[in-house]
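J.: Just passing along the structure, written as structure tokens.
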There are 4 protein chains.
Amino acid sequence: MSAEVYDFRSDNVGGVAPELLEALLAANRGTAAPYGDDDFTHAMTARFRHAFEHDGLVAFPLATGTGANAVALASLANPYGAIYCHETAHINVYECGAPELFTGAKLVGLAGDGYKLHAAALDAALALAGRGNATRVQPFALNLTQPTDFGTLYSIDELTHLSEVAHRHGLLVHLDGARFANAIAALGCSPAEMTWRAGIDVVSFGATKNGAMNAEAVLVFDPAVAARVPFLMKRGGQVVSKARFLSAQLERYLADDRWLERARRSNANAARLAQRLQAIRGVELSGKVEINMLFARLPDAAVAALDCGPFRYYKLGLDQRFVCRHDQEPAGMDLLVTTIEGALA
Amino acid sequence: MSAEVYDFRSDNVGGVAPELLEALLAANRGTAAPYGDDDFTHAMTARFRHAFEHDGLVAFPLATGTGANAVALASLANPYGAIYCHETAHINVYECGAPELFTGAKLVGLAGDGYKLHAAALDAALALAGRGNATRVQPFALNLTQPTDFGTLYSIDELTHLSEVAHRHGLLVHLDGARFANAIAALGCSPAEMTWRAGIDVVSFGATKNGAMNAEAVLVFDPAVAARVPFLMKRGGQVVSKARFLSAQLERYLADDRWLERARRSNANAARLAQRLQAIRGVELSGKVEINMLFARLPDAAVAALDCGPFRYYKLGLDQRFVCRHDQEPAGMDLLVTTIEGALA
Amino acid sequence: MSAEVYDFRSDNVGGVAPELLEALLAANRGTAAPYGDDDFTHAMTARFRHAFEHDGLVAFPLATGTGANAVALASLANPYGAIYCHETAHINVYECGAPELFTGAKLVGLAGDGYKLHAAALDAALALAGRGNATRVQPFALNLTQPTDFGTLYSIDELTHLSEVAHRHGLLVHLDGARFANAIAALGCSPAEMTWRAGIDVVSFGATKNGAMNAEAVLVFDPAVAARVPFLMKRGGQVVSKARFLSAQLERYLADDRWLERARRSNANAARLAQRLQAIRGVELSGKVEINMLFARLPDAAVAALDCGPFRYYKLGLDQRFVCRHDQEPAGMDLLVTTIEGALA
Amino acid sequence: MSAEVYDFRSDNVGGVAPELLEALLAANRGTAAPYGDDDFTHAMTARFRHAFEHDGLVAFPLATGTGANAVALASLANPYGAIYCHETAHINVYECGAPELFTGAKLVGLAGDGYKLHAAALDAALALAGRGNATRVQPFALNLTQPTDFGTLYSIDELTHLSEVAHRHGLLVHLDGARFANAIAALGCSPAEMTWRAGIDVVSFGATKNGAMNAEAVLVFDPAVAARVPFLMKRGGQVVSKARFLSAQLERYLADDRWLERARRSNANAARLAQRLQAIRGVELSGKVEINMLFARLPDAAVAALDCGPFRYYKLGLDQRFVCRHDQEPAGMDLLVTTIEGALA
């Protein structure tokens, strides 16, 4: 893509952060055991344990977020099971059935304002799920996408209440953290607070959308669950041969605050862009902007003007979606705003 | 692993080739569409078409060989099917059921000398497979591992005859080319000759074991099959987000002869090592050495001496396996030989 | 269960119709090829072809309705697919994941008044299903439950419009006819009119709830689909060994009008009971009574009185469900009515 | 099939025993809870407990042997598992992948004389199975077919040793007893001796081939395993609606010795036929005749003569298979013998 294009399509259109490239290059020395039994992977696990303040955490590196979700959920699955999630959850809509393939389970999507599940509604749904009734799939997992695909966030309290409800009904809780960093940055909490302290049992930890080169991790806090993951990884074709190149990135990722700084910058870019768009008469934002993405409903003239300009963005139904990277070009954001202003003047 | 260790465990303990790292770094500029709809991936496909002399070839980049095999086989599958393969095939033994998960099929392993299938035996087995009999799974694919996990090679004639038999019985043919380069280097043939000209329908093209950083490709020659692959990739959690970093490597990989030079060097290292080991009284090689791996049966004293030394290698049953990389340290090979000689003197 | 109990739980609590028992006994002579390659099964197919006015129909006998649904849907499936259905569909709620297991597909449940899908809503949903988008499961089948589990009926026009929408979007249509006879009796149409003439592609034809002894059939109108069914049946453990005892029943079932008479009587029993209950002050029926089941919301006093009496019925949420058989005892219906009247007097 | 045909194809070409038909008819009175929560099913369980001398046994009625095997194995399965069996096992060859579908597991077929597994070979194979190695499927079950599809029998000692080996390696043991009665009759042992006392954990109990009308049962001795079976049954489409008609048969089946008398008669018919055939010069039996089936290698002239005569039998490879029912017509056996004698005279 030529330099003069301004790309608001997604955070994964961005490149790799310098310190992660350095870590990659540094890992390319000597030989290393394949499939994750190497020093880089061990160091990565230690780093995750420290960052998450949990000595029993086990981290499994893999290359895709869909793989992470599917493996994480499979580690909790029973063979006639159900996974409860929001009806708009990424796992329910955008993974082409991967969670179903890996788990053998049925996904049950519930409605909920703000693209979020609500504890009372979950409680009610689980009460009607037919626990013990052999005609009904048996719920084993709750999936929470944090932040959601629509840029909304669960508060720590909301996560905690949802986990409590899930646990009370015998479900374990999976957090899909494809944009984990953006959530942490927005909430100002610690990784521990957003995960195991809030009752989360397994995590898909995404780093790719925040500067890594196809590096994600499944995080498990319970050793009994962790013992099953290597098999589920392999059966899912998720074990990379030269794992050190994923692990070295992930280890470096958490080694200082740059991951959070990037996430804060992406979030701030979106907040500023939202503010400026909102100030334009005729532009309506769809929902709050809590992380690095915003949904707007632009008049046709504005859309037409953007489509003639050097912009990339997605149209989702009637909305236009703009995702901001940490290194989103200021000139691009300016031009986006002035283009829309011009069209609507 | 510290520098003084000599590692004969596998070719995937090695690092990334310099030109591929350069390609990676070069790809890290600007933004690119995610999930494979980017210029690097388009260029990669063009490069594969050129290298394989086939205009209809479609190439799908992914991070694992198991994923490549499972997706490639799934692209051929029927829902009550069987995949015929050698009983020692990688897909049958070392992928923890991934091919079965992705295809829903049963693997039928046949015996065969040299870890290879033989056309007459395949013909006989397929004649008894019960085509049309509803109590029997229906064969849809033949898997050929080239080279085999035990370092043996099919000749082009053997591949061609096996494909003919398979096609005559209504099966399509999958070539598991985790060590594709070593086979090409050893046979001195072209990629086209070893694949579609020999009747191969889909290929798992491995580059990781020959210098890439977790970059493999599924290659498909038939557009109807290719149309199904993107869905099977996604459903298998195999679509990497920043695909450009796989595609850029693969494009560069085939751009000149370095991939073949590396493979020739690995093969030559193994040949030379084999020659020297064979010259030692008491050492017996298990089978011909055709690519970059050799299996030996060493006396206990030799094994004990190796285990005290700075060596890494695998024991498989009664055999010791030594795999050579293109950059296998000459000092390491010398020391291996002299250590064994010393122990047996 | 002792004779004095009046059972309104379901139609499958009833016994086997006399003429079907006779057919069973008559089939128990001599030997017969197993697994459906017998004269009784051939005669059954001929009978279905006649009854459905379709020379290409192929009928597969099996013992369970869940098996019929799962096999029928699997005969249409692609490997990354979706089945659209009403959110309350039997296949979506009460089959413990059997359709998912047999098809590998995801079920997408849509809302709709009267427990029915509506053509416009289906059209809108399919337009957003992401045909060709590899992140989305690809729809291949529409499931229509006729009558629904809640006793409502699609008109022939509704079935036809829904099939048209489905076909336009590339889906084939499955009709779950567990209570096929009750629907035919209520609509006064022919089997052909309610199935292939209305665009239905495959049918789960239920006979058990209307007098058969665990005998159902999968009906297929397209020979290409039919060719796959025997394998899917076997893979699903659905091929009974002594198939003649299913086929003989089904052949006899359609041989005269007794199946319809029974269904008409069940429907009439429910209609009459509904009328009498509706006349009681304090009793509210939930929805129209179109076939042989009615849902009522009874005051607590009435429920308490019933629970002390010789009645069997199901409570579903806040509703009480009463299903009438063709041989529902008049005394039982009388006593039900007078018990409720007494409790509310 | 007309009366003058003599049918040696299989035992499931036969009809239903009179006492089981009576039980069926007797069960057709009043109403009964569907799906196995009825008095007949409870009585059946009690009868099985008595017959198997095991108070914790739980019995699940179903209509097909393939369903029984697939559900029984699924009740033991882990999600990345392997089932060890003889390479010629029914589950491995003749069930079109049903065990794989229901379990998600891989079947590993071992060689063994007499179509039987041998304890030492099993032990050796399991030692190489890679327990704990994530590239390898993890064995969870051993399948023993008793008697085998080729009419051979495991002794109680052989069963016991195989179970010991399996248990030592962490596998549970499934007995496929499609011809359970013939094995009991031949061995002269009790059901308990051939199952749980010999270390068997779950049983597919077949009655159909010995006089029942499509009635089989899954027998489980461990309550934790039994708790999962109802869900696996439903998910597999194996729960018949009017379960009383299966349970009533099975209850009656075990109520006296007629089931064993029938099995003894079938076995004796085959033994006598074998003796007479063996006496004919030119006829060679393939293996011992231990139950009700015999395999012979007849000269072409004999086969041609049979094919002109009123006989039904199967050709399997170079062998001819003759299965005897308890009510095999003496005239038919005489004519078979004299026809062969005539052809070879």
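Labeling convention for the structure tokens: chains A, B, ... as they appear, residues from 1 per chain, ligands from 1 in order of appearance.
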When DSSP works through the backbone of this structure, what residues of region 306-337 of chain A end up as alpha helix (DSSP H), shown as an mmCIF file with all heavy atoms, in the first residue's frame?

T.:
data_model
loop_
_atom_site.group_PDB
_atom_site.id
_atom_site.type_symbol
_atom_site.label_atom_id
_atom_site.label_comp_id
_atom_site.auth_asym_id
_atom_site.auth_seq_id
_atom_site.Cartn_x
_atom_site.Cartn_y
_atom_site.Cartn_z
ATOM 1 N N LEU A 306 -15.222 10.529 1.405
ATOM 2 C CA LEU A 306 -14.165 9.647 1.913
ATOM 3 C C LEU A 306 -13.739 8.637 0.856
ATOM 4 O O LEU A 306 -12.557 8.348 0.687
ATOM 5 C CB LEU A 306 -14.652 8.899 3.159
ATOM 6 C CG LEU A 306 -14.815 9.724 4.441
ATOM 7 C CD1 LEU A 306 -15.287 8.812 5.576
ATOM 8 C CD2 LEU A 306 -13.499 10.401 4.822
ATOM 9 N N ASP A 307 -14.747 8.120 0.152
ATOM 10 C CA ASP A 307 -14.433 7.076 -0.826
ATOM 11 C C ASP A 307 -13.626 7.621 -2.005
ATOM 12 O O ASP A 307 -12.960 6.852 -2.709
ATOM 13 C CB ASP A 307 -15.716 6.392 -1.310
ATOM 14 C CG ASP A 307 -16.322 5.534 -0.202
ATOM 15 O OD1 ASP A 307 -15.654 5.347 0.836
ATOM 16 O OD2 ASP A 307 -17.453 5.046 -0.370
ATOM 17 N N CYS A 308 -13.700 8.922 -2.213
ATOM 18 C CA CYS A 308 -12.850 9.531 -3.243
ATOM 19 C C CYS A 308 -11.456 9.851 -2.700
ATOM 20 O O CYS A 308 -10.537 10.144 -3.476
ATOM 21 C CB CYS A 308 -13.454 10.839 -3.749
ATOM 22 S SG CYS A 308 -15.036 10.595 -4.542
ATOM 23 N N PRO A 330 -1.180 11.555 12.145
ATOM 24 C CA PRO A 330 -1.974 12.754 12.464
ATOM 25 C C PRO A 330 -2.527 13.397 11.193
ATOM 26 O O PRO A 330 -3.677 13.836 11.159
ATOM 27 C CB PRO A 330 -0.966 13.666 13.171
ATOM 28 C CG PRO A 330 0.047 12.732 13.761
ATOM 29 C CD PRO A 330 0.150 11.595 12.799
ATOM 30 N N ALA A 331 -1.691 13.442 10.162
ATOM 31 C CA ALA A 331 -2.160 14.030 8.905
ATOM 32 C C ALA A 331 -3.388 13.292 8.374
ATOM 33 O O ALA A 331 -4.307 13.894 7.807
ATOM 34 C CB ALA A 331 -1.032 13.993 7.869
ATOM 35 N N GLY A 332 -3.390 11.987 8.560
ATOM 36 C CA GLY A 332 -4.525 11.190 8.089
ATOM 37 C C GLY A 332 -5.782 11.503 8.868
ATOM 38 O O GLY A 332 -6.880 11.601 8.314
ATOM 39 N N MET A 333 -5.629 11.650 10.162
ATOM 40 C CA MET A 333 -6.799 11.969 10.986
ATOM 41 C C MET A 333 -7.308 13.366 10.657
ATOM 42 O O MET A 333 -8.513 13.591 10.542
ATOM 43 C CB MET A 333 -6.455 11.811 12.465
ATOM 44 C CG MET A 333 -6.233 10.336 12.817
ATOM 45 S SD MET A 333 -6.099 10.006 14.590
ATOM 46 C CE MET A 333 -4.398 10.493 14.857
ATOM 47 N N ASP A 334 -6.368 14.284 10.493
ATOM 48 C CA ASP A 334 -6.772 15.636 10.095
ATOM 49 C C ASP A 334 -7.535 15.614 8.771
ATOM 50 O O ASP A 334 -8.602 16.206 8.636
ATOM 51 C CB ASP A 334 -5.534 16.537 9.925
ATOM 52 C CG ASP A 334 -4.875 16.856 11.265
ATOM 53 O OD1 ASP A 334 -5.530 16.636 12.317
ATOM 54 O OD2 ASP A 334 -3.718 17.299 11.260
ATOM 55 N N LEU A 335 -6.958 14.917 7.806
ATOM 56 C CA LEU A 335 -7.578 14.900 6.490
ATOM 57 C C LEU A 335 -8.956 14.235 6.527
ATOM 58 O O LEU A 335 -9.883 14.657 5.838
ATOM 59 C CB LEU A 335 -6.654 14.171 5.492
ATOM 60 C CG LEU A 335 -7.067 14.273 4.026
ATOM 61 C CD1 LEU A 335 -7.125 15.724 3.556
ATOM 62 C CD2 LEU A 335 -6.093 13.482 3.131
ATOM 63 N N LEU A 336 -9.067 13.214 7.350
ATOM 64 C CA LEU A 336 -10.362 12.549 7.488
ATOM 65 C C LEU A 336 -11.407 13.544 7.979
ATOM 66 O O LEU A 336 -12.503 13.661 7.419
ATOM 67 C CB LEU A 336 -10.251 11.379 8.478
ATOM 68 C CG LEU A 336 -11.490 10.501 8.602
ATOM 69 C CD1 LEU A 336 -11.510 9.438 7.512
ATOM 70 C CD2 LEU A 336 -11.549 9.809 9.964
ATOM 71 N N VAL A 337 -11.031 14.272 9.012
ATOM 72 C CA VAL A 337 -11.976 15.230 9.592
ATOM 73 C C VAL A 337 -12.315 16.336 8.599
ATOM 74 O O VAL A 337 -13.498 16.650 8.367
ATOM 75 C CB VAL A 337 -11.382 15.824 10.894
ATOM 76 C CG1 VAL A 337 -12.232 16.999 11.378
ATOM 77 C CG2 VAL A 337 -11.288 14.752 11.969
#

J.: Extract, using only C-alpha atoms, all DNA, RNA and protein residues at most 10 Å from Ala129 (chain A), discarding same-chain residues fewer than 3 positions from it, and format them as an mmCIF file with C-alpha atoms, in the first residue's frame.

T.:
data_model
loop_
_atom_site.group_PDB
_atom_site.id
_atom_site.type_symbol
_atom_site.label_atom_id
_atom_site.label_comp_id
_atom_site.auth_asym_id
_atom_site.auth_seq_id
_atom_site.Cartn_x
_atom_site.Cartn_y
_atom_site.Cartn_z
ATOM 1 C CA ALA A 82 -22.562 -25.377 25.200
ATOM 2 C CA VAL A 108 -25.497 -20.079 22.549
ATOM 3 C CA ASP A 123 -28.357 -16.010 35.143
ATOM 4 C CA ALA A 124 -31.854 -16.286 33.727
ATOM 5 C CA ALA A 125 -30.664 -17.990 30.558
ATOM 6 C CA LEU A 126 -28.577 -20.507 32.460
ATOM 7 C CA GLY A 132 -29.069 -32.480 33.638
ATOM 8 C CA ASN A 133 -31.711 -32.744 30.914
ATOM 9 C CA ARG A 136 -30.203 -30.202 26.084
ATOM 10 C CA VAL A 137 -26.552 -29.400 25.484
ATOM 11 C CA GLN A 138 -24.825 -28.815 28.809
ATOM 12 C CA PRO A 139 -23.165 -25.431 29.341
ATOM 13 C CA HIS A 169 -23.995 -22.589 37.219
ATOM 14 C CA VAL C 93 -32.988 -26.821 21.510
#

J.: Chain C residues within 7 Å of chain A, counting only C-alpha atoms: which ones, as a ChimeraX atom specification?

T.: /C:80,93-97,106,134-137

J.: Need the shell around Gln275 (chain D): protein/DNA/RNA residues with any atom at most 10 Å away, counting only C-alpha atoms. Skip same-chain ones fewer than 5 positions apart. Format as a ChimeraX atom specification?

T.: /D:269-270,280,285,289

J.: What gap, in Å, lies between CA of Pro18 (chain B) and CA of Ala212 (chain B)?

T.: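 About the pair CA of Pro18 (chain B) and CA of Ala212 (chain B): they are 9.5 Å apart.
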
J.: Set the distance at 9 Å and use only C-alpha atoms: which residues neighbour region 73-75 of chain B once local chain neighbours fewer than 2 positions away are removed? I'd like the list as a PyMOL selection string.

T.: (chain B and resi 68-71+77-78+83+99-100+102-105+141+143+173-174+202+225-229+232) or (chain C and resi 79)

J.: How many Å separate CA of Ala33 (chain C) from CA of Arg252 (chain C)?

T.: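 Here the two named atoms are 19.3 Å from each other.
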
J.: Go through region 31-123 of chain C and collect every residue that DSSP, computed from the backbone, puts in strand (DSSP E or B); the answer should be as a VMD selection string.

T.: chain C and resid 58 to 62 81 to 86 106 to 110

J.: List as a list in words the protein and nucleic acid residues near Phe40 (chain A), meaning an atom at most 12 Å away when only C-alpha atoms are counted, but skip any in the same chain fewer than 6 places from it.

T.: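 Once the adjacent positions are removed, what remains is Ala23, Leu24, Ala26, Ala27, Asn28, Arg29, Thr31, Ala32, Ala33, Pro34, Ala46, Arg47, Ala59, Phe60, Pro61, Lys242, Ala243, Arg244, Phe245, Leu246, Ser247, Ala248, Gln249, Leu250, Glu251 and Arg252 of chain A; Met1 of chain B.
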
J.: Write a file of the just-selected residues containing N, CA and C atoms, as a short mmCIF file (atom, residue, chain, number, x, y, z; two decimals), in the first residue's frame.

T.:
data_model
loop_
_atom_site.label_atom_id
_atom_site.label_comp_id
_atom_site.auth_asym_id
_atom_site.auth_seq_id
_atom_site.Cartn_x
_atom_site.Cartn_y
_atom_site.Cartn_z
N ALA A 23 13.63 -8.29 19.36
CA ALA A 23 13.56 -9.55 20.10
C ALA A 23 13.58 -10.74 19.14
N LEU A 24 12.88 -10.59 18.03
CA LEU A 24 12.89 -11.62 16.99
C LEU A 24 14.32 -11.88 16.51
N ALA A 26 17.09 -11.10 17.90
CA ALA A 26 17.95 -11.63 18.97
C ALA A 26 17.70 -13.12 19.18
N ALA A 27 16.48 -13.56 18.92
CA ALA A 27 16.16 -14.97 19.13
C ALA A 27 16.76 -15.85 18.05
N ASN A 28 17.20 -15.22 16.99
CA ASN A 28 17.71 -15.99 15.85
C ASN A 28 19.20 -16.29 16.01
N ARG A 29 19.54 -16.85 17.13
CA ARG A 29 20.93 -17.22 17.35
C ARG A 29 20.97 -18.64 17.88
N THR A 31 20.69 -22.79 18.11
CA THR A 31 19.53 -23.65 17.89
C THR A 31 18.63 -23.61 19.12
N ALA A 32 17.42 -24.06 18.93
CA ALA A 32 16.48 -24.11 20.05
C ALA A 32 15.54 -25.28 19.82
N ALA A 33 15.15 -25.91 20.90
CA ALA A 33 14.21 -27.03 20.78
C ALA A 33 12.94 -26.53 20.12
N PRO A 34 12.35 -27.34 19.27
CA PRO A 34 11.13 -26.92 18.58
C PRO A 34 9.90 -27.08 19.48
N ALA A 46 7.55 -17.23 32.44
CA ALA A 46 7.95 -16.51 33.65
C ALA A 46 7.48 -15.05 33.58
N ARG A 47 7.64 -14.47 32.43
CA ARG A 47 7.22 -13.07 32.26
C ARG A 47 5.70 -12.92 32.44
N ALA A 59 1.47 -20.44 29.86
CA ALA A 59 1.22 -19.68 28.63
C ALA A 59 1.62 -20.51 27.43
N PHE A 60 0.73 -20.55 26.44
CA PHE A 60 0.99 -21.31 25.22
C PHE A 60 1.00 -20.35 24.03
N PRO A 61 2.12 -20.24 23.33
CA PRO A 61 2.19 -19.28 22.22
C PRO A 61 1.59 -19.86 20.95
N LYS A 242 9.02 -23.39 15.18
CA LYS A 242 10.05 -22.54 15.79
C LYS A 242 9.37 -21.58 16.76
N ALA A 243 8.90 -22.16 17.87
CA ALA A 243 8.10 -21.40 18.82
C ALA A 243 8.87 -20.23 19.41
N ARG A 244 10.19 -20.33 19.41
CA ARG A 244 10.97 -19.26 20.03
C ARG A 244 10.65 -17.89 19.43
N PHE A 245 10.27 -17.88 18.16
CA PHE A 245 10.03 -16.58 17.52
C PHE A 245 8.69 -15.96 17.94
N LEU A 246 7.79 -16.78 18.44
CA LEU A 246 6.59 -16.22 19.07
C LEU A 246 6.90 -15.84 20.52
N SER A 247 7.54 -16.77 21.20
CA SER A 247 7.76 -16.57 22.63
C SER A 247 8.67 -15.37 22.90
N ALA A 248 9.69 -15.21 22.07
CA ALA A 248 10.61 -14.08 22.27
C ALA A 248 9.86 -12.76 22.15
N GLN A 249 8.96 -12.69 21.21
CA GLN A 249 8.14 -11.48 21.08
C GLN A 249 7.29 -11.24 22.32
N LEU A 250 6.61 -12.30 22.75
CA LEU A 250 5.68 -12.14 23.87
C LEU A 250 6.42 -11.80 25.15
N GLU A 251 7.59 -12.39 25.30
CA GLU A 251 8.39 -12.10 26.49
C GLU A 251 8.77 -10.61 26.48
N ARG A 252 9.24 -10.17 25.33
CA ARG A 252 9.66 -8.78 25.23
C ARG A 252 8.48 -7.83 25.37
N MET B 1 20.06 -22.10 24.10
CA MET B 1 21.09 -23.16 24.13
C MET B 1 22.46 -22.54 23.89
#

J.: Excluding Ala121 (chain D) and residues on its chain fewer than 6 positions from it, collect all residues at most 10 Å away from it, counting only C-alpha atoms, and give them as a PyMOL selection string.

T.: chain D and resi 110-112+127+162+165

J.: Hey, what's within 6 Å of region 320-328 of chain D if we count only C-alpha atoms and toss same-chain stuff fewer than 2 positions away? As an mmCIF file with N, CA, C and O atoms, in the first residue's frame, please?

T.:
data_model
loop_
_atom_site.group_PDB
_atom_site.id
_atom_site.type_symbol
_atom_site.label_atom_id
_atom_site.label_comp_id
_atom_site.auth_asym_id
_atom_site.auth_seq_id
_atom_site.Cartn_x
_atom_site.Cartn_y
_atom_site.Cartn_z
ATOM 1 N N PHE D 8 -28.062 -68.302 4.528
ATOM 2 C CA PHE D 8 -26.896 -68.417 5.416
ATOM 3 C C PHE D 8 -26.131 -67.095 5.481
ATOM 4 O O PHE D 8 -24.965 -67.069 5.838
ATOM 5 N N ARG D 9 -26.782 -65.992 5.112
ATOM 6 C CA ARG D 9 -26.060 -64.725 5.017
ATOM 7 C C ARG D 9 -25.606 -64.179 6.362
ATOM 8 O O ARG D 9 -24.480 -63.760 6.548
ATOM 9 N N SER D 10 -26.550 -64.169 7.289
ATOM 10 C CA SER D 10 -26.187 -63.649 8.605
ATOM 11 C C SER D 10 -27.284 -64.028 9.578
ATOM 12 O O SER D 10 -28.369 -64.452 9.174
ATOM 13 N N ASP D 11 -27.015 -63.877 10.850
ATOM 14 C CA ASP D 11 -28.051 -64.183 11.834
ATOM 15 C C ASP D 11 -29.102 -63.079 11.871
ATOM 16 O O ASP D 11 -30.216 -63.312 12.320
ATOM 17 N N ARG D 262 -31.221 -70.577 22.157
ATOM 18 C CA ARG D 262 -31.112 -70.198 20.736
ATOM 19 C C ARG D 262 -29.647 -70.102 20.312
ATOM 20 O O ARG D 262 -29.260 -70.576 19.244
ATOM 21 N N ARG D 265 -28.141 -73.467 19.957
ATOM 22 C CA ARG D 265 -28.599 -74.140 18.736
ATOM 23 C C ARG D 265 -27.903 -73.567 17.493
ATOM 24 O O ARG D 265 -27.494 -74.316 16.610
ATOM 25 N N SER D 266 -27.757 -72.270 17.426
ATOM 26 C CA SER D 266 -27.042 -71.680 16.280
ATOM 27 C C SER D 266 -25.621 -72.208 16.228
ATOM 28 O O SER D 266 -25.114 -72.598 15.165
ATOM 29 N N ALA D 270 -23.858 -74.643 13.288
ATOM 30 C CA ALA D 270 -22.630 -74.346 12.558
ATOM 31 C C ALA D 270 -21.596 -75.448 12.761
ATOM 32 O O ALA D 270 -20.875 -75.826 11.821
ATOM 33 N N ASN D 292 -21.418 -69.520 15.626
ATOM 34 C CA ASN D 292 -22.413 -69.916 14.630
ATOM 35 C C ASN D 292 -22.034 -69.527 13.207
ATOM 36 O O ASN D 292 -22.910 -69.344 12.374
ATOM 37 N N MET D 293 -20.752 -69.320 12.966
ATOM 38 C CA MET D 293 -20.389 -68.980 11.590
ATOM 39 C C MET D 293 -19.170 -69.766 11.173
ATOM 40 O O MET D 293 -18.309 -70.104 11.979
ATOM 41 N N LEU D 294 -19.157 -70.081 9.880
ATOM 42 C CA LEU D 294 -17.998 -70.798 9.379
ATOM 43 C C LEU D 294 -17.585 -70.212 8.044
ATOM 44 O O LEU D 294 -18.404 -69.704 7.282
ATOM 45 N N PHE D 295 -16.283 -70.238 7.836
ATOM 46 C CA PHE D 295 -15.689 -69.741 6.603
ATOM 47 C C PHE D 295 -15.056 -70.927 5.902
ATOM 48 O O PHE D 295 -14.304 -71.691 6.516
ATOM 49 N N ALA D 296 -15.391 -71.071 4.626
ATOM 50 C CA ALA D 296 -14.852 -72.209 3.891
ATOM 51 C C ALA D 296 -14.231 -71.716 2.598
ATOM 52 O O ALA D 296 -14.560 -70.637 2.100
ATOM 53 N N TYR D 313 -25.731 -66.700 0.696
ATOM 54 C CA TYR D 313 -24.542 -66.663 1.562
ATOM 55 C C TYR D 313 -23.633 -65.567 1.039
ATOM 56 O O TYR D 313 -23.851 -65.049 -0.056
ATOM 57 N N TYR D 314 -22.641 -65.193 1.807
ATOM 58 C CA TYR D 314 -21.741 -64.111 1.396
ATOM 59 C C TYR D 314 -20.394 -64.652 0.971
ATOM 60 O O TYR D 314 -19.883 -65.630 1.532
ATOM 61 N N LYS D 315 -19.818 -63.996 -0.017
ATOM 62 C CA LYS D 315 -18.436 -64.280 -0.409
ATOM 63 C C LYS D 315 -17.561 -63.146 0.121
ATOM 64 O O LYS D 315 -17.825 -61.982 -0.140
#

J.: Go ahead and compute the interatomic distance for CA of Gly309 (chain D) and CA of Tyr6 (chain D), in Å to one decimal.

T.: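 Going from CA of Gly309 (chain D) over to CA of Tyr6 (chain D) covers 9.1 Å.
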
J.: Here is a test: counting only C-alpha atoms, which residue of D:Val5, D:Leu142, D:Leu318, D:Leu277 is nearest to Leu171 (chain D)?

T.: D:Leu142
